file coords.csv (CSV, C-alpha atoms)
chain,number,residue,atom,x,y,z
A,24,MET,CA,-14.1,59.0,-134.4
A,25,PHE,CA,-16.5,61.1,-132.2
A,26,ASP,CA,-18.7,58.0,-131.6
A,27,GLY,CA,-15.7,56.0,-130.4
A,28,GLN,CA,-14.8,58.7,-127.9
A,29,ILE,CA,-18.3,58.7,-126.5
A,30,VAL,CA,-18.4,54.9,-126.2
A,31,ALA,CA,-15.0,54.7,-124.6
A,32,ALA,CA,-15.9,57.5,-122.1
A,33,LEU,CA,-19.2,55.9,-121.3
A,34,ILE,CA,-17.7,52.4,-120.7
A,35,ALA,CA,-15.0,54.0,-118.5
A,36,THR,CA,-17.5,56.0,-116.6
A,37,LEU,CA,-19.8,53.1,-116.1
A,38,GLY,CA,-16.9,50.9,-114.8
A,39,SER,CA,-15.8,53.5,-112.4
A,40,VAL,CA,-19.3,54.3,-111.2
A,41,ILE,CA,-20.0,50.6,-110.6
A,42,ALA,CA,-16.7,50.3,-108.8
A,43,ALA,CA,-17.5,53.2,-106.5
A,44,ILE,CA,-21.0,51.9,-105.8
A,45,VAL,CA,-19.9,48.4,-105.1
A,46,SER,CA,-17.1,49.7,-102.8
A,47,ALA,CA,-19.7,51.8,-100.8
A,48,LEU,CA,-22.1,48.9,-100.6
A,49,ALA,CA,-19.3,46.5,-99.5
A,50,GLN,CA,-18.4,48.9,-96.7
A,51,ARG,CA,-22.0,49.4,-95.7
A,52,SER,CA,-22.7,45.6,-95.6
A,53,GLN,CA,-19.7,45.1,-93.4
A,54,SER,CA,-20.9,47.4,-90.7
A,55,LYS,CA,-24.5,45.9,-90.7
A,56,ARG,CA,-25.3,43.1,-88.4
A,57,GLU,CA,-28.4,40.9,-88.7
A,58,ASN,CA,-29.8,39.1,-85.8
A,59,ALA,CA,-33.2,38.3,-87.2
A,60,TYR,CA,-33.6,35.1,-85.4
A,61,GLU,CA,-36.6,34.6,-83.1
A,62,PRO,CA,-36.5,31.5,-81.0
A,63,GLY,CA,-39.6,29.4,-80.7
A,64,ASP,CA,-39.1,28.9,-77.0
A,65,SER,CA,-36.5,28.7,-74.4
A,66,GLN,CA,-36.0,24.9,-75.2
A,67,ASP,CA,-34.9,25.8,-78.8
A,68,ILE,CA,-31.5,24.1,-79.0
A,69,GLU,CA,-30.2,26.7,-81.6
A,70,TYR,CA,-31.1,29.5,-79.2
A,71,GLN,CA,-29.6,27.7,-76.2
A,72,THR,CA,-26.3,27.1,-77.9
A,73,ARG,CA,-26.1,30.4,-79.8
A,74,LEU,CA,-25.8,28.3,-83.0
A,75,TRP,CA,-28.2,30.8,-84.6
A,76,GLN,CA,-25.8,33.6,-83.9
A,77,ALA,CA,-23.0,31.7,-85.6
A,78,ARG,CA,-25.1,31.0,-88.7
A,79,SER,CA,-26.2,34.7,-88.8
A,80,GLU,CA,-22.5,35.8,-88.6
A,81,LEU,CA,-21.6,33.2,-91.3
A,82,ASN,CA,-24.2,34.8,-93.6
A,83,ARG,CA,-22.9,38.2,-92.9
A,84,GLN,CA,-19.3,37.3,-93.5
A,85,GLU,CA,-20.2,35.5,-96.7
A,86,GLY,CA,-22.0,38.7,-97.8
A,87,ILE,CA,-18.9,40.8,-97.0
A,88,ALA,CA,-16.7,38.4,-99.0
A,89,THR,CA,-19.0,38.6,-102.0
A,90,TRP,CA,-19.4,42.3,-102.0
A,91,GLN,CA,-15.7,42.9,-101.4
A,92,GLY,CA,-14.9,40.5,-104.3
A,93,ARG,CA,-17.2,42.4,-106.6
A,94,SER,CA,-15.7,45.7,-105.5
A,95,ALA,CA,-12.1,44.5,-106.1
A,96,THR,CA,-13.1,43.2,-109.5
A,97,ALA,CA,-14.8,46.5,-110.5
A,98,LEU,CA,-11.9,48.6,-109.2
A,99,THR,CA,-9.4,46.4,-111.0
A,100,PHE,CA,-11.3,46.7,-114.2
A,101,SER,CA,-11.3,50.5,-113.9
A,102,GLN,CA,-7.6,50.6,-113.1
A,103,TYR,CA,-6.1,48.1,-115.5
A,104,ILE,CA,-8.5,48.1,-118.5
A,105,ILE,CA,-9.0,51.8,-118.7
A,106,GLY,CA,-5.4,52.5,-117.7
A,107,GLY,CA,-4.3,50.0,-120.4
A,108,VAL,CA,-6.5,51.7,-123.0
A,109,LEU,CA,-5.1,55.1,-122.1
A,110,ALA,CA,-1.5,53.8,-122.3
A,111,THR,CA,-1.9,53.0,-126.0
A,112,SER,CA,-0.7,55.8,-128.2
A,113,PHE,CA,-3.5,55.1,-130.7
A,114,ILE,CA,-6.2,56.1,-128.1
A,115,GLN,CA,-4.3,59.1,-127.1
A,116,GLU,CA,-4.0,60.3,-130.7
A,117,THR,CA,-7.6,59.6,-131.7
A,118,MET,CA,-9.3,61.0,-128.6
A,119,SER,CA,-9.6,64.5,-127.5
A,120,SER,CA,-7.3,65.6,-124.7
A,121,GLY,CA,-10.5,66.2,-122.5
A,122,VAL,CA,-11.6,62.6,-122.9
A,123,VAL,CA,-8.1,61.3,-122.2
A,124,GLY,CA,-7.9,63.5,-119.2
A,125,PHE,CA,-11.3,62.4,-117.9
A,126,LEU,CA,-10.4,58.7,-118.3
A,127,GLY,CA,-7.1,59.3,-116.5
A,128,LEU,CA,-9.1,60.9,-113.7
A,129,LEU,CA,-11.3,57.8,-113.5
A,130,VAL,CA,-8.3,55.6,-113.2
A,131,LEU,CA,-6.9,57.8,-110.4
A,132,ILE,CA,-10.2,57.7,-108.5
A,133,SER,CA,-10.4,53.9,-108.9
A,134,SER,CA,-6.9,53.6,-107.6
A,135,LEU,CA,-7.6,55.8,-104.6
A,136,LEU,CA,-10.8,53.9,-103.8
A,137,HIS,CA,-8.9,50.6,-104.0
A,138,GLN,CA,-6.1,51.9,-101.9
A,139,HIS,CA,-8.4,53.3,-99.2
A,140,PHE,CA,-10.9,50.4,-98.9
A,141,ARG,CA,-8.6,47.5,-99.9
A,142,PRO,CA,-11.4,45.3,-100.9
A,143,ASP,CA,-9.0,42.5,-101.9
A,144,LEU,CA,-7.6,42.2,-98.4
A,145,GLN,CA,-11.1,42.6,-96.8
A,146,ARG,CA,-12.4,39.8,-99.0
A,147,ARG,CA,-9.6,37.5,-98.0
A,148,SER,CA,-10.1,38.2,-94.3
A,149,ALA,CA,-13.8,37.7,-94.6
A,150,ARG,CA,-13.2,34.3,-96.4
A,151,GLU,CA,-10.9,33.3,-93.5
A,152,ARG,CA,-13.6,34.2,-91.0
A,153,VAL,CA,-16.2,32.2,-93.1
A,154,ILE,CA,-13.9,29.1,-92.9
A,155,SER,CA,-13.6,29.5,-89.1
A,156,LEU,CA,-17.4,30.0,-88.7
A,157,ARG,CA,-18.1,26.9,-90.9
A,158,HIS,CA,-15.8,24.8,-88.7
A,159,LEU,CA,-17.4,26.2,-85.5
A,160,ILE,CA,-20.9,25.4,-86.8
A,161,ARG,CA,-20.0,21.9,-88.0
A,162,SER,CA,-18.4,21.2,-84.6
A,163,ALA,CA,-21.5,22.4,-82.7
A,164,GLU,CA,-23.8,20.3,-85.0
A,165,ASP,CA,-21.6,17.2,-84.4
A,166,ASP,CA,-21.9,17.7,-80.7
A,167,LEU,CA,-25.6,18.2,-80.9
A,168,PHE,CA,-25.9,15.1,-83.0
A,169,ALA,CA,-23.9,13.2,-80.4
A,170,ILE,CA,-26.3,14.4,-77.7
A,171,SER,CA,-29.3,13.4,-79.7
A,172,ASN,CA,-27.8,9.9,-80.1
A,173,GLY,CA,-26.9,9.5,-76.5
A,174,LYS,CA,-23.2,9.7,-77.0
A,175,LEU,CA,-22.9,12.9,-75.0
A,176,GLU,CA,-24.7,14.0,-71.9
A,177,PRO,CA,-27.4,16.7,-72.3
A,178,ASP,CA,-25.4,18.8,-69.9
A,179,SER,CA,-22.9,19.2,-72.7
A,180,ILE,CA,-25.1,21.9,-74.2
A,181,HIS,CA,-23.4,24.4,-71.9
A,182,GLY,CA,-20.0,23.4,-73.3
A,183,ILE,CA,-21.3,23.8,-76.9
A,184,ARG,CA,-22.6,27.3,-76.0
A,185,ALA,CA,-19.3,28.2,-74.4
A,186,ASN,CA,-17.4,27.0,-77.6
A,187,ILE,CA,-19.7,29.0,-79.9
A,188,THR,CA,-19.4,32.1,-77.6
A,189,HIS,CA,-15.6,31.8,-77.7
A,190,GLY,CA,-15.6,31.3,-81.5
A,191,LEU,CA,-17.8,34.3,-82.1
A,192,SER,CA,-15.6,36.4,-79.8
A,193,GLU,CA,-12.5,35.3,-81.8
A,194,ILE,CA,-14.3,36.2,-85.1
A,195,GLU,CA,-15.1,39.7,-83.7
A,196,LYS,CA,-11.5,40.2,-82.6
A,197,ALA,CA,-10.2,39.1,-86.0
A,198,GLU,CA,-12.6,41.5,-87.8
A,199,LEU,CA,-11.6,44.4,-85.5
A,200,GLN,CA,-7.9,43.6,-86.1
A,201,ASP,CA,-8.5,43.6,-89.9
A,202,LEU,CA,-10.3,46.9,-89.7
A,203,ASP,CA,-7.4,48.4,-87.6
A,204,ARG,CA,-4.8,47.1,-90.1
A,205,THR,CA,-6.8,48.7,-93.0
A,206,SER,CA,-7.0,52.0,-91.1
A,207,GLU,CA,-3.3,52.0,-90.3
A,208,ALA,CA,-2.5,51.2,-94.0
A,209,ASN,CA,-4.6,54.2,-95.1
A,210,ILE,CA,-2.8,56.5,-92.7
A,211,SER,CA,0.7,55.6,-93.8
call {"tool": "encode", "arguments": {"input": "coords.csv", "output": "structure tokens"}}
result
Amino acid sequence: MFDGQIVAALIATLGSVIAAIVSALAQRSQSKRENAYEPGDSQDIEYQTRLWQARSELNRQEGIATWQGRSATALTFSQYIIGGVLATSFIQETMSSGVVGFLGLLVLISSLLHQHFRPDLQRRSARERVISLRHLIRSAEDDLFAISNGKLEPDSIHGIRANITHGLSEIEKAELQDLDRTSEANIS
């Protein structure tokens, strides 16, 4: 009986610790921007059109979606699996009240983390931004292909750049709105 209590407490603790770490990493990756692109020269078409910025933002948003998904999964595990185990009368009877209380505290902490960070909503929003960025990049690549095949004038590069600039601005606005909504939900 004592070994079962230790194993259950360790599994519960591990799940909650992983959930907390993943939540913290997800938040940290969301605020980090990577602009590690260095153009070869001023004639670099990706530099001229800001296509490199769109690709960099796409990578960042994909990372956010991945980490937020992991965070949501870990927190859900902590809430439902451990909470479900605690709900059974068998576990409550066989474990000491200290272990049951500790597991209950872990469920509460996981619940609070989930409520505060809302990784499920942040993942969904990041996935929506990923879709928008993929569309933006494909559209720019199509236009560049048309220029290289003589279907569009080379002067159209300015239009491509303007479209990417507008698209990136819309992504930034959407991300800011999502963060504001999450903050408002935490306040109320």
call {"tool": "atom_distance", "arguments": {"input": "coords.csv", "atom1": "CA of Thr111 (chain A)", "atom2": "CA of Leu131 (chain A)"}}
result
17.1 Å
call {"tool": "atom_distance", "arguments": {"input": "coords.csv", "atom1": "CA of Leu129 (chain A)", "atom2": "CA of Phe100 (chain A)"}}
result
11.1 Å
call {"tool": "atom_distance", "arguments": {"input": "coords.csv", "atom1": "CA of Gly190 (chain A)", "atom2": "CA of Leu156 (chain A)"}}
result
7.5 Å
call {"tool": "residues_near_point", "arguments": {"input": "coords.csv", "point": "(-10.7, 42.9, -90.0)", "cutoff": "10 Å", "atoms": "all atoms listed in the file", "output": "list in words"}}
result
Gln53, Leu144, Gln145, Arg146, Arg147, Ser148, Ala149, Arg152, Ile194, Glu195, Lys196, Ala197, Glu198, Leu199, Gln200, Asp201, Leu202, Asp203, Arg204, Thr205 and Ser206 of chain A
call {"tool": "residues_around", "arguments": {"input": "coords.csv", "residues": "region 139-143 of chain A", "least_positions_apart": "3", "cutoff": "7 Å", "atoms": "all atoms listed in the file", "output": "list in words"}}
result
Gln91, Gly92, Ser94, Ala95, Leu135, Leu136, Arg146, Arg147 and Asn209 of chain A
call {"tool": "residues_around", "arguments": {"input": "coords.csv", "residues": "Ala77 (chain A)", "least_positions_apart": "5", "cutoff": "9 Å", "atoms": "all atoms listed in the file", "output": "ChimeraX atom specification"}}
result
/A:82,156-157,159-160,187-188,190-191
call {"tool": "closest_residue", "arguments": {"input": "coords.csv", "among": "A:Gln84, A:Thr36, A:Gln115, A:Thr72", "to": "Asp178 (chain A)", "atoms": "all atoms listed in the file"}}
result
A:Thr72
call {"tool": "closest_residue", "arguments": {"input": "coords.csv", "among": "A:Gly182, A:Gly86, A:Gly173, A:Gly127", "to": "Val153 (chain A)", "atoms": "only C-alpha atoms"}}
result
A:Gly86
